[in-house]
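Asker: This is the structure I have questions about; it appears just below.
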Amino acid sequence: MRLPTPEEALPGRDRPLAVPERHAVLGTPLAPPYPEGTAVAEFALGCFWGEERKFWQTPGVVSTAVGYEGGYTPNPTYEEVCSGRTGHAEAVRVVYDPKRVSYADLLTVFWEAHDPTQGMRQGNDAGTQYRSMIFVRSDDERLAAEASRDAYQQALTRAGHGTITTEIVPAGEFYFAEAYHQQYLEKNPGGYCGVGGTGVACPVGLQTAD
């Protein structure tokens with residue numbers, strides 16, 4: 001339940017883990033290069049099996065992939081991440097068409113798909129790899145993420161929930177997870193999914209009256 005220091009982190013490896021060429025549901029590239037005109041966003045919100053499905057089901061999303069981000073260990077394995085000695089969170093990469101779905105829309109999916117008040121856990125899943133994170137690539141994304149967090153905090157407070165613990169940090173290296181994790185819940189329809197929201201709607205992008 002404690003993040004390691006860089007000195008404590010596992011050394012990892014130089015070679016990336018192999019991933020399938022195509023998305024099992026959408027048929028699009030899993031790794032770059034992505035279709036022209038698309039943009040990339042990355043989030044962490046608990047077990048990445050469920051979080052990836054939330055996003056590939058979102059209209060306007062072109063591709064998704066699961067991986068590890070936010071820590072120190074290069075090209076970690078799933079077992080290494082679960083040890084708590086990499087600093088990484090289980091993350092999802094979202095490749096989307098900004099003409100069909102906005103970054104603000106993706107933030108709404110993010111907030112409503114999990115409970116962002118739980119710190120180093122999500123439901124029954126406990127550990128640093130399950131913490132809530134938004135990885136931003138520009139000042140505009142950071143401002144949008146902060147505004148959405150503040151708006152959702154108000155909604156959560158009104159509903160009796162606690163304080164958001166989500167980290168909003170600059171995007172770092174995204175390390176693709178093993179092939180069997182990619183689109184896991186499509187390949188294993190009865191598979192475990194620990195991601196669950198609070199039931200509180202996110203007011204991002206909406207005109208709301210107090």
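Simple scheme: letters A, B, ... for chains in structure tokens order, numbers from 1 for residues in each chain, numbers from 1 for ligands in the order shown.
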Would you please extract all strand (DSSP E or B) residues from stretch 38-197 of chain A, as assigned by DSSP on the backbone, and give them as an MDAnalysis selection string?

Answerer: chainID A and resid 39:45 61:69 89:96 121:122 125:126 132:136 167:170 175:176

Asker: Please give the complete set of residues from chain A that DSSP, run on the backbone, assigns to alpha helix (DSSP H), formatted as an MDAnalysis selection string.

Answerer: chainID A and resid 48:56 78:82 103:112 139:158 184:187

Asker: Write out, as CSV, each residue of stretch 76-155 of chain A that has an atom at most 12 Å from stretch 181-185 of chain A, together with the closest pair of atoms and their distance in Å to one decimal, counting only C-alpha atoms, rows going by chain and rising number.

Answerer:
residue,atom,partner,partner_atom,distance
A:Thr77,CA,A:His181,CA,11.1
A:Tyr78,CA,A:His181,CA,9.1
A:Glu90,CA,A:His181,CA,10.8
A:Ala91,CA,A:Gln182,CA,11.5
A:Val92,CA,A:Gln182,CA,9.8
A:Arg93,CA,A:Gln182,CA,10.9

Asker: Nearest residue to A:Gly172 out of A:Asp125, A:Glu42, A:Glu79, A:Asp105, using only C-alpha atoms?

Answerer: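 That would be A:Glu42, the residue with the smallest distance to A:Gly172.
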
Asker: Taking only C-alpha atoms into account, which of A:Thr165, A:Ser63, A:Asn188, A:Thr73 comes nearest A:Arg121?

Answerer: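 Counting only C-alpha atoms, the residue closest to A:Arg121 is A:Thr165.
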
Asker: Check which residues of stretch 68-125 of chain A sit at most 8 Å from stretch 141-157 of chain A using only C-alpha atoms, and return one row each with the closest pair of atoms and their distance in Å to one decimal, ordered by chain and rising number, as a Markdown table.

Answerer:
| residue | atom | partner | partner_atom | distance |
| --- | --- | --- | --- | --- |
| A:Tyr103 | CA | A:Glu141 | CA | 7.7 |
| A:Ala104 | CA | A:Ala144 | CA | 6.9 |
| A:Leu107 | CA | A:Ala145 | CA | 7.1 |
| A:Thr108 | CA | A:Ser148 | CA | 7.9 |
| A:Trp111 | CA | A:Tyr152 | CA | 7.6 |

Asker: For A:Gly87, which residue among A:Gln129, A:Thr28, A:Gln57, A:Gln118 is the nearest when counting only C-alpha atoms?

Answerer: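 Checking each of A:Gln129, A:Thr28, A:Gln57, A:Gln118 against A:Gly87, counting only C-alpha atoms, the winner is A:Gln129.
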
Asker: Got a sec: who's within 12 Å of A:Pro16, counting only C-alpha atoms, leaving out chain neighbours fewer than 2 positions off, as a list of chain:residue names?

Answerer: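 These residues fall inside the cut-off: A:Gly12, A:Arg13, A:Asp14, A:Ala18, A:Val19, A:Ala31, A:Gly67, A:Tyr68, A:Thr73, A:Pro74, A:Asn75, A:Pro76, A:Thr77, A:Glu173, A:Phe174, A:Tyr175, A:Phe176, A:Ala177, A:Glu178, A:Ala179.
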